[in-house]
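With CSV, C-alpha atoms inside, this is query-v2.csv:
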chain,number,residue,atom,x,y,z
T,1,MET,CA,74.0,20.7,23.8
T,2,ALA,CA,73.5,22.7,27.0
T,3,ASP,CA,71.1,25.0,25.1
T,4,LEU,CA,69.0,22.1,23.8
T,5,LYS,CA,68.5,20.9,27.4
T,6,LYS,CA,66.9,24.1,28.3
T,7,ASP,CA,64.7,24.3,25.1
T,8,SER,CA,61.2,23.1,26.0
T,9,ASN,CA,59.4,23.9,22.7
T,10,GLY,CA,59.4,20.2,21.7
T,11,GLN,CA,57.4,19.3,24.7
T,12,TRP,CA,54.4,21.3,23.4
T,13,ILE,CA,54.6,19.5,20.1
T,14,ALA,CA,54.7,16.1,21.9
T,15,LEU,CA,51.8,17.1,24.2
T,16,SER,CA,49.6,18.3,21.3
T,17,GLY,CA,50.3,15.0,19.4
T,18,PHE,CA,49.2,13.1,22.5
T,19,VAL,CA,46.0,15.1,22.8
T,20,ILE,CA,45.2,14.6,19.2
T,21,SER,CA,45.7,10.9,19.4
T,22,LEU,CA,43.4,10.8,22.5
T,23,ILE,CA,40.7,12.6,20.6
T,24,ILE,CA,41.0,10.2,17.7
T,25,ILE,CA,40.7,7.2,20.0
T,26,ILE,CA,37.6,8.7,21.7
T,27,LEU,CA,35.9,9.3,18.4
T,28,ALA,CA,36.7,5.8,17.2
T,29,VAL,CA,35.2,4.3,20.4
T,30,MET,CA,32.1,6.4,20.0
T,31,ALA,CA,31.6,5.3,16.4
T,32,ASN,CA,31.9,1.7,17.5
T,33,GLN,CA,29.5,2.2,20.3
T,34,ALA,CA,26.9,3.4,17.8
T,35,VAL,CA,27.2,0.1,15.8
T,36,ILE,CA,27.1,-2.1,19.0
T,37,ALA,CA,24.1,-0.2,20.3
T,38,GLY,CA,22.3,-0.8,16.9
T,39,TYR,CA,23.1,-4.5,17.1
T,40,HIS,CA,21.8,-4.9,20.7
T,41,SER,CA,18.6,-2.9,20.1
T,42,SER,CA,17.8,-4.9,17.0
T,43,ASN,CA,18.6,-8.2,18.7
T,44,ALA,CA,16.3,-7.3,21.7
T,45,ALA,CA,13.5,-6.4,19.3
T,46,LEU,CA,13.9,-9.8,17.6
T,47,GLU,CA,14.2,-11.9,20.8
T,48,PHE,CA,11.1,-10.6,22.5
T,49,PRO,CA,8.0,-12.2,20.9
T,50,LYS,CA,5.7,-9.2,21.3
T,51,GLU,CA,3.6,-10.0,18.2
T,52,ASN,CA,3.0,-13.6,19.3
T,53,ILE,CA,1.9,-12.6,22.8
T,54,ARG,CA,-0.3,-9.8,21.4
T,55,GLU,CA,-1.8,-12.3,18.9
T,56,LEU,CA,-2.5,-14.8,21.6
T,57,ASN,CA,-4.4,-12.2,23.6
T,58,LEU,CA,-6.4,-10.9,20.6
T,59,GLN,CA,-7.2,-14.4,19.3
T,60,THR,CA,-8.4,-15.5,22.7
T,61,ARG,CA,-10.8,-12.5,22.7
T,62,ASP,CA,-12.0,-13.4,19.2
T,63,ASN,CA,-12.5,-17.0,20.1
T,64,ALA,CA,-14.5,-15.9,23.2
T,65,ALA,CA,-16.9,-13.9,21.1
T,66,ILE,CA,-17.2,-16.4,18.2
T,67,ALA,CA,-17.8,-19.3,20.7
T,68,ARG,CA,-20.6,-17.3,22.4
T,69,GLU,CA,-22.5,-16.8,19.1
T,70,LEU,CA,-22.1,-20.5,18.2
T,71,ALA,CA,-23.1,-21.6,21.7
T,72,TYR,CA,-26.4,-19.8,21.4
T,73,GLU,CA,-27.0,-21.5,18.0
T,74,ILE,CA,-26.2,-25.0,19.3
T,75,ASN,CA,-28.3,-24.4,22.4
T,76,LYS,CA,-31.4,-24.1,20.3
T,77,THR,CA,-31.2,-27.7,19.3
T,78,SER,CA,-29.4,-29.2,22.3
T,79,ASN,CA,-30.3,-30.3,25.8
T,80,GLU,CA,-27.1,-29.2,27.3
T,81,SER,CA,-26.8,-25.9,29.1
T,82,ILE,CA,-25.3,-23.0,27.2
T,83,HIS,CA,-22.4,-22.8,29.7
T,84,ILE,CA,-21.4,-26.4,29.0
T,85,ILE,CA,-21.6,-25.8,25.3
T,86,TYR,CA,-19.6,-22.6,25.6
T,87,ASP,CA,-17.0,-24.3,27.8
T,88,ASP,CA,-16.5,-27.1,25.3
T,89,LEU,CA,-16.2,-24.7,22.3
T,90,PHE,CA,-13.7,-22.4,24.1
T,91,ASN,CA,-11.5,-25.3,25.4
T,92,ASN,CA,-11.5,-26.8,21.9
T,93,CYS,CA,-10.2,-23.6,20.4
T,94,SER,CA,-7.6,-23.3,23.2
T,95,SER,CA,-6.3,-26.8,22.6
T,96,GLN,CA,-6.0,-26.1,18.8
T,97,MET,CA,-4.1,-22.8,19.6
T,98,ARG,CA,-1.8,-24.7,22.0
T,99,MET,CA,-0.9,-27.2,19.2
T,100,LEU,CA,-0.3,-24.4,16.7
T,101,TYR,CA,2.0,-22.5,19.1
T,102,ALA,CA,3.8,-25.7,20.1
T,103,ILE,CA,5.1,-26.3,16.6
T,104,HIS,CA,7.1,-23.1,16.9
T,105,GLY,CA,8.5,-24.0,20.3
T,106,GLU,CA,6.1,-21.9,22.2
T,107,ASN,CA,4.1,-23.3,25.1
T,108,ILE,CA,0.7,-21.6,25.8
T,109,ASN,CA,-2.2,-22.3,28.0
T,110,VAL,CA,-5.6,-20.5,27.8
T,111,GLU,CA,-7.9,-21.7,30.6
T,112,LEU,CA,-11.5,-20.6,31.0
T,113,VAL,CA,-11.9,-19.7,34.7
T,114,SER,CA,-15.4,-18.4,35.0
T,115,ILE,CA,-18.4,-17.2,33.1
T,116,ASN,CA,-20.3,-14.2,34.3
T,117,SER,CA,-18.9,-14.5,37.9
T,118,THR,CA,-15.8,-15.2,39.9
T,119,THR,CA,-16.8,-18.9,40.3
T,120,LYS,CA,-17.5,-21.3,37.5
T,121,VAL,CA,-21.1,-21.9,38.7
T,122,SER,CA,-23.5,-19.4,37.2
T,123,ASN,CA,-27.1,-20.1,36.1
T,124,ALA,CA,-27.5,-17.0,34.0
T,125,SER,CA,-28.6,-17.8,30.5
T,126,GLU,CA,-26.7,-14.8,29.1
T,127,ILE,CA,-22.9,-14.8,28.7
T,128,ASP,CA,-21.7,-11.3,29.2
T,129,MET,CA,-18.2,-11.6,30.7
T,130,ILE,CA,-15.7,-14.3,31.1
T,131,LYS,CA,-12.4,-14.7,33.0
T,132,VAL,CA,-9.5,-16.6,31.5
T,133,ASN,CA,-6.0,-17.4,32.5
T,134,ILE,CA,-3.4,-16.9,29.7
T,135,THR,CA,0.1,-18.1,29.9
T,136,TYR,CA,2.8,-17.9,27.3
T,137,ALA,CA,6.4,-19.3,27.5
T,138,ASN,CA,9.2,-19.8,25.1
T,139,GLU,CA,12.9,-20.4,25.8
T,140,LYS,CA,13.5,-16.8,27.0
T,141,THR,CA,10.1,-15.2,27.7
T,142,PHE,CA,7.4,-16.0,30.2
T,143,TYR,CA,4.1,-14.1,30.1
T,144,VAL,CA,1.1,-14.5,32.4
T,145,ALA,CA,-2.3,-12.7,32.4
T,146,GLU,CA,-4.3,-14.1,35.3
T,147,PRO,CA,-7.1,-13.3,35.1
T,148,GLU,CA,-7.8,-11.7,31.7
T,149,ILE,CA,-11.4,-10.3,31.8
T,150,ILE,CA,-13.1,-10.4,28.5
T,151,GLU,CA,-16.4,-8.8,27.7
T,152,VAL,CA,-18.1,-10.9,25.1
T,153,ASN,CA,-21.4,-9.2,24.9
T,154,VAL,CA,-20.3,-6.2,22.9
E,1,MET,CA,59.6,43.5,30.6
E,2,GLU,CA,58.2,44.0,27.2
E,3,LEU,CA,54.4,44.2,26.9
E,4,ASN,CA,52.6,42.9,23.8
E,5,ASP,CA,49.2,41.3,22.8
E,6,ARG,CA,50.4,37.9,21.8
E,7,ALA,CA,48.7,36.3,24.8
E,8,GLN,CA,45.3,37.5,23.5
E,9,ILE,CA,45.9,35.8,20.1
E,10,HIS,CA,46.8,32.6,21.9
E,11,THR,CA,43.7,32.8,24.0
E,12,LEU,CA,41.5,33.2,21.0
E,13,GLU,CA,43.3,30.3,19.3
E,14,GLY,CA,42.6,28.1,22.3
E,15,LEU,CA,39.0,29.1,22.3
E,16,ALA,CA,38.6,28.3,18.6
E,17,ALA,CA,40.3,24.9,19.1
E,18,ALA,CA,37.9,24.1,22.0
E,19,ILE,CA,34.8,25.1,20.0
E,20,LEU,CA,36.1,23.0,17.1
E,21,MET,CA,36.5,20.0,19.3
E,22,VAL,CA,33.0,20.4,20.9
E,23,ILE,CA,31.4,20.7,17.5
E,24,THR,CA,33.2,17.6,16.3
E,25,MET,CA,32.1,15.6,19.4
E,26,LEU,CA,28.5,16.8,19.0
E,27,ALA,CA,28.5,15.8,15.3
E,28,ILE,CA,29.7,12.3,16.1
E,29,THR,CA,27.3,11.7,19.0
E,30,GLN,CA,24.3,13.0,17.1
E,31,SER,CA,25.1,10.9,14.0
E,32,ALA,CA,25.0,7.8,16.2
E,33,MET,CA,21.2,7.7,15.8
E,34,ILE,CA,21.6,7.8,12.0
E,35,VAL,CA,24.3,5.1,12.0
E,36,THR,CA,22.4,2.8,14.3
E,37,PRO,CA,19.8,1.3,12.0
E,38,GLN,CA,22.2,0.4,9.3
E,39,ASN,CA,22.8,-3.2,10.1
E,40,GLU,CA,21.4,-6.5,9.0
E,41,LEU,CA,19.4,-7.3,12.1
E,42,SER,CA,17.6,-4.0,12.1
E,43,MET,CA,16.6,-4.7,8.5
E,44,ILE,CA,15.1,-8.0,9.6
E,45,VAL,CA,13.2,-6.2,12.4
E,46,HIS,CA,11.8,-3.8,9.9
E,47,GLN,CA,10.8,-6.6,7.5
E,48,GLU,CA,9.1,-8.5,10.3
E,49,GLN,CA,7.2,-5.4,11.4
E,50,ILE,CA,5.8,-4.5,8.0
E,51,SER,CA,4.9,-8.1,7.3
E,52,SER,CA,3.1,-8.4,10.7
E,53,ASP,CA,1.4,-5.1,10.1
E,54,ALA,CA,0.1,-6.3,6.7
E,55,LEU,CA,-1.6,-9.4,8.3
E,56,THR,CA,-3.0,-7.2,11.1
E,57,VAL,CA,-4.5,-4.7,8.7
E,58,LEU,CA,-6.1,-7.5,6.8
E,59,ASP,CA,-7.5,-9.1,9.9
E,60,ILE,CA,-8.9,-6.1,11.8
E,61,ALA,CA,-9.8,-3.7,9.0
E,62,PRO,CA,-13.5,-2.8,8.8
E,63,ASP,CA,-15.6,-3.9,5.9
E,64,THR,CA,-15.7,-0.4,4.6
E,65,ALA,CA,-11.9,-0.4,4.2
E,66,ILE,CA,-11.3,-3.7,2.4
E,67,GLN,CA,-13.6,-6.0,0.6
E,68,TYR,CA,-12.5,-9.3,2.2
E,69,ASN,CA,-10.7,-9.5,5.5
E,70,LEU,CA,-8.3,-12.2,6.5
E,71,THR,CA,-10.9,-14.5,8.0
E,72,GLU,CA,-13.1,-14.3,4.9
E,73,CYS,CA,-10.1,-14.9,2.6
E,74,VAL,CA,-9.1,-18.0,4.5
E,75,ALA,CA,-12.7,-19.2,4.9
E,76,GLY,CA,-13.0,-19.2,1.1
E,77,TRP,CA,-10.2,-21.6,0.6
E,78,GLN,CA,-11.1,-24.6,-1.6
E,79,GLY,CA,-8.8,-27.0,0.0
E,80,ASN,CA,-6.2,-27.4,-2.8
E,81,GLU,CA,-2.5,-26.7,-2.4
E,82,SER,CA,-1.0,-24.1,-4.6
E,83,ASN,CA,1.8,-24.2,-7.0
E,84,VAL,CA,4.2,-21.6,-8.5
E,85,THR,CA,2.1,-20.7,-11.5
E,86,SER,CA,-1.3,-20.3,-9.8
E,87,SER,CA,-2.4,-19.2,-6.3
E,88,ASN,CA,-5.4,-20.8,-4.5
E,89,LEU,CA,-6.1,-17.7,-2.5
E,90,GLU,CA,-6.1,-15.0,-5.2
E,91,THR,CA,-8.0,-12.5,-3.1
E,92,LEU,CA,-5.5,-12.7,-0.3
E,93,ASP,CA,-2.7,-12.6,-2.8
E,94,ASN,CA,-3.9,-9.4,-4.4
E,95,GLU,CA,-4.5,-7.7,-1.0
E,96,LEU,CA,-1.0,-8.7,0.2
E,97,ALA,CA,0.6,-7.5,-3.0
E,98,ASN,CA,-0.9,-4.1,-2.4
E,99,LEU,CA,0.2,-4.0,1.2
E,100,LEU,CA,3.7,-5.4,0.6
E,101,PRO,CA,5.1,-3.7,-2.6
E,102,ASP,CA,8.5,-4.8,-3.7
E,103,ILE,CA,8.4,-7.7,-1.2
E,104,LYS,CA,8.1,-11.4,-2.1
E,105,TYR,CA,6.1,-13.7,0.1
E,106,ASN,CA,4.6,-17.2,0.4
E,107,VAL,CA,1.6,-18.1,2.5
E,108,ASP,CA,0.9,-21.4,4.3
E,109,LEU,CA,-2.2,-22.4,6.3
E,110,ALA,CA,-1.7,-24.6,9.4
E,111,TYR,CA,-4.6,-26.1,11.2
E,112,VAL,CA,-5.5,-29.0,13.4
E,113,LYS,CA,-8.0,-31.5,11.9
E,114,ASP,CA,-9.0,-34.7,13.8
E,115,GLY,CA,-6.1,-34.2,16.2
E,116,GLU,CA,-3.5,-33.9,13.5
E,117,LEU,CA,-1.6,-30.9,12.3
E,118,ASN,CA,-2.0,-30.0,8.7
E,119,THR,CA,0.1,-27.5,6.8
E,120,LYS,CA,-0.9,-26.4,3.2
E,121,GLN,CA,0.9,-24.0,0.9
E,122,VAL,CA,-1.7,-21.6,-0.6
E,123,ILE,CA,0.4,-18.8,-2.1
E,124,ILE,CA,3.8,-19.5,-3.7
E,125,ASN,CA,5.8,-16.7,-5.2
E,126,GLY,CA,9.2,-18.4,-5.2
E,127,ALA,CA,11.9,-19.8,-2.9
E,128,ALA,CA,12.5,-17.8,0.3
E,129,THR,CA,15.9,-16.4,0.7
E,130,GLU,CA,18.1,-16.8,3.8
E,131,ASP,CA,17.1,-13.5,5.3
E,132,ALA,CA,13.3,-14.2,5.0
E,133,VAL,CA,11.1,-13.6,8.0
E,134,VAL,CA,8.0,-15.5,9.1
E,135,VAL,CA,5.0,-13.9,10.8
E,136,ARG,CA,1.8,-15.5,11.9
E,137,ARG,CA,-1.8,-14.6,12.5
E,138,LEU,CA,-4.6,-16.8,13.7
E,139,VAL,CA,-8.2,-16.8,12.5
E,140,THR,CA,-11.2,-18.8,13.7
E,141,LEU,CA,-13.6,-20.4,11.3
E,142,SER,CA,-17.1,-21.6,11.8
E,143,ASN,CA,-19.4,-23.4,9.4
E,144,SER,CA,-21.4,-20.2,8.8
E,145,SER,CA,-18.3,-18.1,8.0
E,146,VAL,CA,-17.1,-20.9,5.6
E,147,THR,CA,-20.4,-21.2,3.9
E,148,SER,CA,-20.8,-17.4,3.4
E,149,SER,CA,-17.3,-17.3,1.8
E,150,GLY,CA,-17.9,-20.3,-0.4
E,151,GLY,CA,-15.1,-22.3,1.0
E,152,ALA,CA,-14.6,-26.1,1.3
E,153,TRP,CA,-13.4,-26.7,4.9
E,154,ASN,CA,-16.2,-29.2,5.7
E,155,LEU,CA,-16.9,-28.0,9.2
E,156,THR,CA,-19.9,-29.3,11.2
E,157,ASP,CA,-22.4,-26.8,12.6
E,158,ASP,CA,-20.9,-27.2,16.1
E,159,GLU,CA,-17.3,-27.0,15.2
E,160,LEU,CA,-14.8,-24.1,15.4
E,161,MET,CA,-11.4,-24.3,13.6
E,162,VAL,CA,-8.4,-22.2,14.5
E,163,VAL,CA,-6.2,-21.6,11.4
E,164,GLU,CA,-2.7,-20.2,11.4
E,165,VAL,CA,-1.9,-17.9,8.5
E,166,ARG,CA,1.8,-18.1,8.1
E,167,LEU,CA,3.4,-15.4,6.0
E,168,THR,CA,7.0,-15.9,4.8
E,169,SER,CA,8.4,-12.7,3.3
E,170,TRP,CA,11.7,-11.6,1.9
E,171,GLN,CA,13.2,-8.7,0.0
E,172,ILE,CA,14.9,-9.0,-3.3

Would you mind giving the structure from this file in structure tokens?
Amino acid sequence: MADLKKDSNGQWIALSGFVISLIIIILAVMANQAVIAGYHSSNAALEFPKENIRELNLQTRDNAAIARELAYEINKTSNESIHIIYDDLFNNCSSQMRMLYAIHGENINVELVSINSTTKVSNASEIDMIKVNITYANEKTFYVAEPEIIEVNV
Amino acid sequence: MELNDRAQIHTLEGLAAAILMVITMLAITQSAMIVTPQNELSMIVHQEQISSDALTVLDIAPDTAIQYNLTECVAGWQGNESNVTSSNLETLDNELANLLPDIKYNVDLAYVKDGELNTKQVIINGAATEDAVVVRRLVTLSNSSVTSSGGAWNLTDDELMVVEVRLTSWQI
């Protein structure tokens, strides 16, 4: 019995077992971290409505160009100025987009700020550049582009 | 005191064990990037991305790349709702089938007419599963674009209509 008290070989075995168990725990935690990281990265990609915001921006640009072409056509047979016609067409498209986004729980606003200048008053017959304010909001994301400068004469 | 070389063997053994542990740790941490995408949410992200890309390609591709873009396809709609056996937008159906192989999809059109929201089913390929994703793209129609595509939207000359193309897609 006295000899066993002095024998320290068993301590090495206990220590190595402890080290191995620590390594296994660390590896298990790392494997779990990989799964959790995958979940959070995918969830973040799903939550942020990047395609909806991008589409809002692109469609506003499309509408600006299409409304310009139509405004010129209407102006040939109308007494109203081309800017008033353009303003009506653009705002009508914006209100349709607002309704289409609203059915998905998204609130948008596309407001025509100015045509060809920093103020809304411009007598130029051409429409080359417009400024619009774009806002987008859903339950988690709020996006603002004020002003968004759109070159329509391209 | 007796001299021998046992300590050298022990040193080498410790070194080998250390290298083994480092290699194991590296293998586990590097494989994290491979393990990460293998969950349900990331599959939905992927599905949403390729569906959205399909609509984007159809919308912005030049005339030299595809015969009819998304606006032309929608402008040519005859105003009838579809059913399971026949599609009312065959051109769009064919183009989507090429862009989304091995993926099932339905397409709805949503638009505002006389202040009221209308939603019409134009392509039906079956009932969507629980993991289906919905992507959307807007197109703006005028009377001239509808006339040139032979559609029946009944727009006046001074009217623009924004139409939402809603693609619901799922994998089998």

**OP:** Give me, as an NGL selection string, the contact residues of chain E against chain T at a cut-off of 10 Å, counting all atoms listed in the file.
**Re:** :E and (21 or 24-25 or 28-46 or 48-49 or 52-53 or 56 or 110-113 or 115-118 or 135-144 or 157-164)

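Here atom CA of E:Ala65 stands at a distance of 23.1 Å from atom CA of E:Asn88.
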
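Coordinates place atom CA of T:Asp88 at a distance of 24.8 Å from atom CA of T:Tyr143.
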
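Near stretch 75-79 of chain E, within 7 Å and counting all atoms listed in the file, sit Leu89, Leu141, Ser145, Val146, Ser149, Gly150, Gly151, Ala152 and Trp153 of chain E; same-chain residues fewer than 6 positions away were not included.
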
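Note that atom CA of T:Val152 and atom CA of T:Met129 are 5.6 Å apart.
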
Subject >> For E:Leu58, the nearest of the candidates E:Thr129, E:Gln121, E:Thr91, E:Ser82, counting all atoms listed in the file >> reply: E:Thr91
